[in-house]
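**Q** Structure provided below as structure tokens; questions to follow.
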Amino acid sequence: MTVAHRTARPDDEPALCALWATAFAGAPVVELWRLAPERHRRTLVAVDDGTVVSALHHQPRPLRSATGTVERVGCVGSVATLPEARGRGHVRALLAAAVRAMTADGCAWSLLFTDTPGVYEGEGWRTFSRPTWHGPCADPAPRPGREVRIRAARAADRPALTALHDAYDAHRPLTTVRTAADWAHRLPAWYVPGTTDTLVAEDAAGRCVGYVVLRRHGDGTADLDEIALGAAAPAEPLARALFAAAAERVGPGNTVRVHLPADGAVLAALPALLAEAWVTDDRTGMARPLHTTAAAVRATVTAPGATHWHGDSF
């Protein structure tokens, strides 16, 4: 039996796509990977007797730090192993190789998200806490005389949404500095039309002053994955109007999961979306220092309001 741990080659693509389609059914892993610059160089594989049995992908992304600077961060994703090849140390070997590659690539630290943290702890990643809320959807309350109008986003809104997002995240740790390509390709891969509602708040002058992103699922549940509140309107009433509009689309009683920063306006407005709210400690995020210190990484991932939006997943 001959096992090799190496960088992916173009002729590995069919095997990689088959592996990821099986491991991440329903997630746009293959679509996002095909958009990634230098995707073969930044993909590592374990090959056993000519068969790709394990793989991961790492890519640098610009993330905001606790100090307000933008850092080059090595984001690790698409980690998968064929069932018959598990328990043989392939992921551990690929992670060690990814650490060397990301360090050589000048990444300050590394970020990943997983439900199996034990796999990564041995290679230096540590979990961090992010609050999430969940509960039954509220019965939408009437909103007579509201100061903003809520409507579905249109393609022509992209410049306004980009400006809102950039301003809202300008000093928010753990957020990605989005590019035009992210808006054009990455976000549509995660926020799929037909199952995702991007709801825009518009003031009396017709200006976009806020938005939320709601992903609805076939079982009636939903995830509120993103928000941006502009400075042109009071934050709490604006969030309430957006949450109430989201509640209309989900329907009373259906479970909603809220993945938003613990900002005052967001928390105060939650009753417009959730009839009851339970907070949970989401520890799926993991970080590892590379060129920076563990203390600096910890400061970023645990900073007040630190958020990583679903549409920036990798």
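Note on naming: chains are A, B, ... as they come in the structure tokens, residues start from 1 per chain, ligands start from 1 in the order shown.
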Would you kindly return, as a ChimeraX atom specification, each protein, DNA or RNA residue with an atom no farther than 12 Å from any atom of Gly106 in chain A, considering only C-alpha atoms and excluding same-chain residues fewer than 2 positions away?
**A** /A:59-62,71-74,99-104,108-110,289-292
**Q** Using only C-alpha atoms, which residues sit within 7 Å of Thr176 in chain A once same-chain residues fewer than 6 positions away are excluded, as a ChimeraX atom specification?
**A** /A:62-64,312
**Q** So that I can check the surroundings of range 84-88 of chain A, please list as a list in words every protein, DNA and RNA residue that reaches within 10 Å of it, counting only C-alpha atoms and ignoring chain neighbours fewer than 2 positions away.
**A**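 My list of contacting residues is Ala46, Asp48, Val52, Val53, Ser54, Ala80, Thr81, Leu82, His90, Val91, Arg92 and Ala93 of chain A.
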**Q** Save out the residues we just selected, C-alpha atoms, as a PDB file, in the first residue's frame.
**A**
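Result file out.pdb:
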ATOM      1  CA  ALA A  46      -3.969  12.019   0.727  1.00  0.00           C
ATOM      2  CA  ASP A  48      -3.747   5.768  -1.281  1.00  0.00           C
ATOM      3  CA  VAL A  52      -7.785  10.365  -3.296  1.00  0.00           C
ATOM      4  CA  VAL A  53      -8.995   9.349   0.169  1.00  0.00           C
ATOM      5  CA  SER A  54      -8.720  12.638   2.090  1.00  0.00           C
ATOM      6  CA  ALA A  80     -13.131  15.308   4.233  1.00  0.00           C
ATOM      7  CA  THR A  81     -12.013  11.676   4.292  1.00  0.00           C
ATOM      8  CA  LEU A  82     -13.562   8.590   2.741  1.00  0.00           C
ATOM      9  CA  HIS A  90      -4.538  11.509   6.970  1.00  0.00           C
ATOM     10  CA  VAL A  91      -6.209  14.678   8.269  1.00  0.00           C
ATOM     11  CA  ARG A  92      -3.458  15.185  10.846  1.00  0.00           C
ATOM     12  CA  ALA A  93      -0.806  14.962   8.121  1.00  0.00           C
TER      13      ALA A  93
END
**Q** Neighbouring residues of Val148 in chain A were defined as those with any atom within 9 Å, considering only C-alpha atoms; residues of the same chain fewer than 3 positions away were excluded. Please report them as JSON, numbers by chain.
**A** {"A": [145, 201, 202, 203, 204, 209, 233, 238, 241]}
**Q** Which of these, A:Ala205, A:Ala239, A:Ala287, A:Ala153, has the shortest distance to Gly264 in chain A once you count only C-alpha atoms?
**A**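 Smallest separation from Gly264 in chain A among the options: A:Ala239.
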**Q** Would you work out the distance separating CA of His165 in chain A from CA of Arg34 in chain A, expressed in Å to one decimal?
**A**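 CA of Arg34 in chain A lies 25.3 Å from CA of His165 in chain A.
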**Q** Could you tell me, as a PyMOL selection string, which residues of range 132-266 of chain A DSSP assigns to helix (DSSP H, G or I) when given the backbone?
**A** chain A and resi 155-168+180-190+235-250+264-266
**Q** Please determine, counting only C-alpha atoms, which residue among A:Val301, A:Met286, A:Val70, A:Val266 has the shortest atom-to-atom distance to Leu111 in chain A.
**A**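 Once distances to Leu111 in chain A are computed over only C-alpha atoms, the minimum belongs to A:Met286.
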**Q** Based on DSSP run over this structure's backbone, return all residues of range 146-292 of chain A in strand (DSSP E or B), as number ranges by chain.
**A** A: 149-152, 176, 193, 196-202, 208-216, 222-229, 255-258, 274, 278-289
**Q** For range 210-215 of chain A, list every protein, DNA or RNA residue within 10 Å, evaluated using only C-alpha atoms, and leave out those in the same chain fewer than 4 positions away; present the list as a PDB file with N, CA and C atoms, in the first residue's frame.
**A**
ATOM      1  N   VAL A 148     -39.795  52.941   8.165  1.00  0.00           N
ATOM      2  CA  VAL A 148     -39.116  52.377   7.009  1.00  0.00           C
ATOM      3  C   VAL A 148     -40.028  51.364   6.331  1.00  0.00           C
ATOM      4  N   ILE A 150     -40.065  47.755   4.221  1.00  0.00           N
ATOM      5  CA  ILE A 150     -39.257  46.548   4.033  1.00  0.00           C
ATOM      6  C   ILE A 150     -39.665  45.894   2.725  1.00  0.00           C
ATOM      7  N   ARG A 151     -38.678  45.559   1.934  1.00  0.00           N
ATOM      8  CA  ARG A 151     -38.939  44.880   0.654  1.00  0.00           C
ATOM      9  C   ARG A 151     -37.810  43.908   0.357  1.00  0.00           C
ATOM     10  N   ALA A 152     -38.041  43.067  -0.632  1.00  0.00           N
ATOM     11  CA  ALA A 152     -37.001  42.140  -1.064  1.00  0.00           C
ATOM     12  C   ALA A 152     -35.915  42.901  -1.819  1.00  0.00           C
ATOM     13  N   ALA A 153     -34.680  42.473  -1.626  1.00  0.00           N
ATOM     14  CA  ALA A 153     -33.562  43.112  -2.330  1.00  0.00           C
ATOM     15  C   ALA A 153     -33.645  42.847  -3.824  1.00  0.00           C
ATOM     16  N   ALA A 160     -25.632  49.674  -2.792  1.00  0.00           N
ATOM     17  CA  ALA A 160     -26.114  50.169  -1.500  1.00  0.00           C
ATOM     18  C   ALA A 160     -25.876  49.145  -0.403  1.00  0.00           C
ATOM     19  N   LEU A 161     -26.116  47.871  -0.693  1.00  0.00           N
ATOM     20  CA  LEU A 161     -25.886  46.831   0.307  1.00  0.00           C
ATOM     21  C   LEU A 161     -24.402  46.709   0.632  1.00  0.00           C
ATOM     22  N   LEU A 164     -23.571  49.559   2.971  1.00  0.00           N
ATOM     23  CA  LEU A 164     -24.104  49.302   4.303  1.00  0.00           C
ATOM     24  C   LEU A 164     -23.255  48.273   5.037  1.00  0.00           C
ATOM     25  N   HIS A 165     -22.949  47.195   4.346  1.00  0.00           N
ATOM     26  CA  HIS A 165     -22.143  46.135   4.944  1.00  0.00           C
ATOM     27  C   HIS A 165     -20.767  46.651   5.359  1.00  0.00           C
ATOM     28  N   TYR A 168     -21.047  48.966   8.415  1.00  0.00           N
ATOM     29  CA  TYR A 168     -21.436  48.246   9.634  1.00  0.00           C
ATOM     30  C   TYR A 168     -20.276  47.418  10.180  1.00  0.00           C
ATOM     31  N   TRP A 190     -23.833  30.865  -1.347  1.00  0.00           N
ATOM     32  CA  TRP A 190     -24.381  30.538  -0.028  1.00  0.00           C
ATOM     33  C   TRP A 190     -25.827  30.993   0.115  1.00  0.00           C
ATOM     34  N   TYR A 191     -26.144  32.182  -0.395  1.00  0.00           N
ATOM     35  CA  TYR A 191     -27.478  32.744  -0.236  1.00  0.00           C
ATOM     36  C   TYR A 191     -28.262  32.482  -1.514  1.00  0.00           C
ATOM     37  N   VAL A 192     -28.773  31.274  -1.629  1.00  0.00           N
ATOM     38  CA  VAL A 192     -29.359  30.799  -2.883  1.00  0.00           C
ATOM     39  C   VAL A 192     -30.749  31.407  -3.087  1.00  0.00           C
ATOM     40  N   PRO A 193     -30.990  32.031  -4.234  1.00  0.00           N
ATOM     41  CA  PRO A 193     -32.321  32.574  -4.510  1.00  0.00           C
ATOM     42  C   PRO A 193     -33.382  31.480  -4.416  1.00  0.00           C
ATOM     43  N   GLY A 194     -34.525  31.837  -3.859  1.00  0.00           N
ATOM     44  CA  GLY A 194     -35.597  30.866  -3.687  1.00  0.00           C
ATOM     45  C   GLY A 194     -35.665  30.315  -2.284  1.00  0.00           C
ATOM     46  N   THR A 195     -34.505  30.177  -1.638  1.00  0.00           N
ATOM     47  CA  THR A 195     -34.484  29.721  -0.248  1.00  0.00           C
ATOM     48  C   THR A 195     -33.921  30.790   0.680  1.00  0.00           C
ATOM     49  N   THR A 196     -33.403  31.862   0.108  1.00  0.00           N
ATOM     50  CA  THR A 196     -32.821  32.948   0.901  1.00  0.00           C
ATOM     51  C   THR A 196     -33.559  34.250   0.612  1.00  0.00           C
ATOM     52  N   ASP A 197     -33.914  34.946   1.682  1.00  0.00           N
ATOM     53  CA  ASP A 197     -34.533  36.267   1.552  1.00  0.00           C
ATOM     54  C   ASP A 197     -33.549  37.317   2.048  1.00  0.00           C
ATOM     55  N   THR A 198     -33.144  38.213   1.166  1.00  0.00           N
ATOM     56  CA  THR A 198     -32.419  39.404   1.594  1.00  0.00           C
ATOM     57  C   THR A 198     -33.434  40.525   1.642  1.00  0.00           C
ATOM     58  N   LEU A 199     -33.707  40.982   2.860  1.00  0.00           N
ATOM     59  CA  LEU A 199     -34.743  41.984   3.087  1.00  0.00           C
ATOM     60  C   LEU A 199     -34.092  43.335   3.325  1.00  0.00           C
ATOM     61  N   VAL A 200     -34.547  44.330   2.579  1.00  0.00           N
ATOM     62  CA  VAL A 200     -33.958  45.665   2.613  1.00  0.00           C
ATOM     63  C   VAL A 200     -34.921  46.620   3.310  1.00  0.00           C
ATOM     64  N   ALA A 201     -34.385  47.445   4.189  1.00  0.00           N
ATOM     65  CA  ALA A 201     -35.158  48.530   4.797  1.00  0.00           C
ATOM     66  C   ALA A 201     -34.899  49.806   4.009  1.00  0.00           C
ATOM     67  N   GLU A 202     -35.972  50.474   3.642  1.00  0.00           N
ATOM     68  CA  GLU A 202     -35.885  51.670   2.801  1.00  0.00           C
ATOM     69  C   GLU A 202     -36.565  52.828   3.529  1.00  0.00           C
ATOM     70  N   ASP A 203     -35.910  53.976   3.593  1.00  0.00           N
ATOM     71  CA  ASP A 203     -36.522  55.110   4.287  1.00  0.00           C
ATOM     72  C   ASP A 203     -37.467  55.864   3.348  1.00  0.00           C
ATOM     73  N   THR A 221     -37.812  25.497   9.422  1.00  0.00           N
ATOM     74  CA  THR A 221     -36.852  26.249  10.225  1.00  0.00           C
ATOM     75  C   THR A 221     -36.141  27.289   9.351  1.00  0.00           C
ATOM     76  N   ALA A 222     -35.438  28.184  10.013  1.00  0.00           N
ATOM     77  CA  ALA A 222     -34.731  29.237   9.272  1.00  0.00           C
ATOM     78  C   ALA A 222     -33.530  29.699  10.076  1.00  0.00           C
ATOM     79  N   ASP A 223     -32.572  30.303   9.376  1.00  0.00           N
ATOM     80  CA  ASP A 223     -31.388  30.898   9.990  1.00  0.00           C
ATOM     81  C   ASP A 223     -31.313  32.358   9.576  1.00  0.00           C
ATOM     82  N   LEU A 224     -31.203  33.228  10.559  1.00  0.00           N
ATOM     83  CA  LEU A 224     -30.936  34.638  10.266  1.00  0.00           C
ATOM     84  C   LEU A 224     -29.425  34.818  10.333  1.00  0.00           C
ATOM     85  N   ASP A 225     -28.803  35.024   9.177  1.00  0.00           N
ATOM     86  CA  ASP A 225     -27.355  34.883   9.054  1.00  0.00           C
ATOM     87  C   ASP A 225     -26.589  36.178   8.901  1.00  0.00           C
ATOM     88  N   GLU A 226     -27.269  37.288   8.697  1.00  0.00           N
ATOM     89  CA  GLU A 226     -26.506  38.511   8.445  1.00  0.00           C
ATOM     90  C   GLU A 226     -27.393  39.721   8.671  1.00  0.00           C
ATOM     91  N   ILE A 227     -26.776  40.783   9.113  1.00  0.00           N
ATOM     92  CA  ILE A 227     -27.491  42.046   9.293  1.00  0.00           C
ATOM     93  C   ILE A 227     -26.518  43.198   9.054  1.00  0.00           C
ATOM     94  N   ALA A 228     -27.058  44.301   8.588  1.00  0.00           N
ATOM     95  CA  ALA A 228     -26.314  45.563   8.545  1.00  0.00           C
ATOM     96  C   ALA A 228     -27.310  46.677   8.812  1.00  0.00           C
ATOM     97  N   LEU A 229     -26.987  47.511   9.777  1.00  0.00           N
ATOM     98  CA  LEU A 229     -27.842  48.628  10.150  1.00  0.00           C
ATOM     99  C   LEU A 229     -27.105  49.924   9.849  1.00  0.00           C
ATOM    100  N   GLY A 230     -27.700  50.757   9.032  1.00  0.00           N
ATOM    101  CA  GLY A 230     -27.065  52.014   8.670  1.00  0.00           C
ATOM    102  C   GLY A 230     -27.229  53.061   9.755  1.00  0.00           C
ATOM    103  N   ALA A 231     -26.468  54.106   9.649  1.00  0.00           N
ATOM    104  CA  ALA A 231     -26.500  55.179  10.646  1.00  0.00           C
ATOM    105  C   ALA A 231     -27.583  56.203  10.358  1.00  0.00           C
ATOM    106  N   ALA A 232     -28.307  56.054   9.247  1.00  0.00           N
ATOM    107  CA  ALA A 232     -29.290  57.064   8.856  1.00  0.00           C
ATOM    108  C   ALA A 232     -30.624  56.904   9.567  1.00  0.00           C
ATOM    109  N   ALA A 233     -30.813  55.821  10.333  1.00  0.00           N
ATOM    110  CA  ALA A 233     -32.067  55.587  11.049  1.00  0.00           C
ATOM    111  C   ALA A 233     -31.743  55.039  12.428  1.00  0.00           C
ATOM    112  N   ALA A 235     -31.195  52.628  15.318  1.00  0.00           N
ATOM    113  CA  ALA A 235     -30.827  51.228  15.111  1.00  0.00           C
ATOM    114  C   ALA A 235     -31.877  50.241  15.606  1.00  0.00           C
ATOM    115  N   LEU A 238     -35.112  50.095  13.522  1.00  0.00           N
ATOM    116  CA  LEU A 238     -34.750  49.552  12.229  1.00  0.00           C
ATOM    117  C   LEU A 238     -34.600  48.034  12.315  1.00  0.00           C
ATOM    118  N   ALA A 239     -33.887  47.547  13.341  1.00  0.00           N
ATOM    119  CA  ALA A 239     -33.732  46.106  13.517  1.00  0.00           C
ATOM    120  C   ALA A 239     -35.080  45.442  13.768  1.00  0.00           C
ATOM    121  N   ALA A 241     -38.038  46.363  12.689  1.00  0.00           N
ATOM    122  CA  ALA A 241     -38.787  46.297  11.433  1.00  0.00           C
ATOM    123  C   ALA A 241     -38.267  45.168  10.551  1.00  0.00           C
ATOM    124  N   LEU A 242     -36.955  45.025  10.468  1.00  0.00           N
ATOM    125  CA  LEU A 242     -36.373  43.957   9.665  1.00  0.00           C
ATOM    126  C   LEU A 242     -36.706  42.592  10.250  1.00  0.00           C
ATOM    127  N   PHE A 243     -36.622  42.455  11.598  1.00  0.00           N
ATOM    128  CA  PHE A 243     -36.915  41.170  12.233  1.00  0.00           C
ATOM    129  C   PHE A 243     -38.392  40.802  12.061  1.00  0.00           C
ATOM    130  N   ALA A 245     -40.336  41.628   9.614  1.00  0.00           N
ATOM    131  CA  ALA A 245     -40.522  41.198   8.227  1.00  0.00           C
ATOM    132  C   ALA A 245     -39.994  39.785   8.027  1.00  0.00           C
ATOM    133  N   ALA A 246     -38.881  39.460   8.685  1.00  0.00           N
ATOM    134  CA  ALA A 246     -38.359  38.095   8.611  1.00  0.00           C
ATOM    135  C   ALA A 246     -39.340  37.121   9.254  1.00  0.00           C
ATOM    136  N   ALA A 247     -39.942  37.518  10.381  1.00  0.00           N
ATOM    137  CA  ALA A 247     -40.912  36.654  11.059  1.00  0.00           C
ATOM    138  C   ALA A 247     -42.109  36.359  10.161  1.00  0.00           C
ATOM    139  N   ARG A 249     -42.059  35.880   7.045  1.00  0.00           N
ATOM    140  CA  ARG A 249     -41.673  34.870   6.065  1.00  0.00           C
ATOM    141  C   ARG A 249     -41.482  33.500   6.696  1.00  0.00           C
ATOM    142  N   VAL A 250     -41.090  33.458   7.956  1.00  0.00           N
ATOM    143  CA  VAL A 250     -40.864  32.169   8.616  1.00  0.00           C
ATOM    144  C   VAL A 250     -42.174  31.566   9.105  1.00  0.00           C
ATOM    145  N   VAL A 256     -36.275  29.435  14.622  1.00  0.00           N
ATOM    146  CA  VAL A 256     -35.322  30.319  13.958  1.00  0.00           C
ATOM    147  C   VAL A 256     -34.027  30.315  14.759  1.00  0.00           C
ATOM    148  N   ARG A 257     -32.906  30.211  14.061  1.00  0.00           N
ATOM    149  CA  ARG A 257     -31.584  30.342  14.670  1.00  0.00           C
ATOM    150  C   ARG A 257     -31.005  31.688  14.236  1.00  0.00           C
ATOM    151  N   VAL A 258     -30.477  32.426  15.194  1.00  0.00           N
ATOM    152  CA  VAL A 258     -30.006  33.787  14.943  1.00  0.00           C
ATOM    153  C   VAL A 258     -28.499  33.833  15.150  1.00  0.00           C
ATOM    154  N   LEU A 260     -26.058  36.487  14.860  1.00  0.00           N
ATOM    155  CA  LEU A 260     -25.782  37.915  14.718  1.00  0.00           C
ATOM    156  C   LEU A 260     -24.939  38.394  15.891  1.00  0.00           C
ATOM    157  N   HIS A 310     -22.133  34.131   7.592  1.00  0.00           N
ATOM    158  CA  HIS A 310     -22.263  32.861   6.858  1.00  0.00           C
ATOM    159  C   HIS A 310     -21.871  33.008   5.387  1.00  0.00           C
ATOM    160  N   GLY A 311     -22.192  34.137   4.791  1.00  0.00           N
ATOM    161  CA  GLY A 311     -21.874  34.318   3.380  1.00  0.00           C
ATOM    162  C   GLY A 311     -20.387  34.392   3.084  1.00  0.00           C
TER     163      GLY A 311
END
**Q** So that I can check the surroundings of Arg158 in chain A, please list as a list in words every protein, DNA and RNA residue that reaches within 10 Å of it, counting only C-alpha atoms and ignoring chain neighbours fewer than 6 positions away.
**A**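 Contacts, with the query itself left out: Leu164, Ala180, Trp183 and Ala184 of chain A.
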**Q** Using only C-alpha atoms, find the one residue out of A:Tyr120, A:Phe113, A:Trp309, A:Phe24 that sits nearest to Leu174 in chain A.
**A**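 Looking at the shortest contact to Leu174 in chain A, the residue is A:Trp309.
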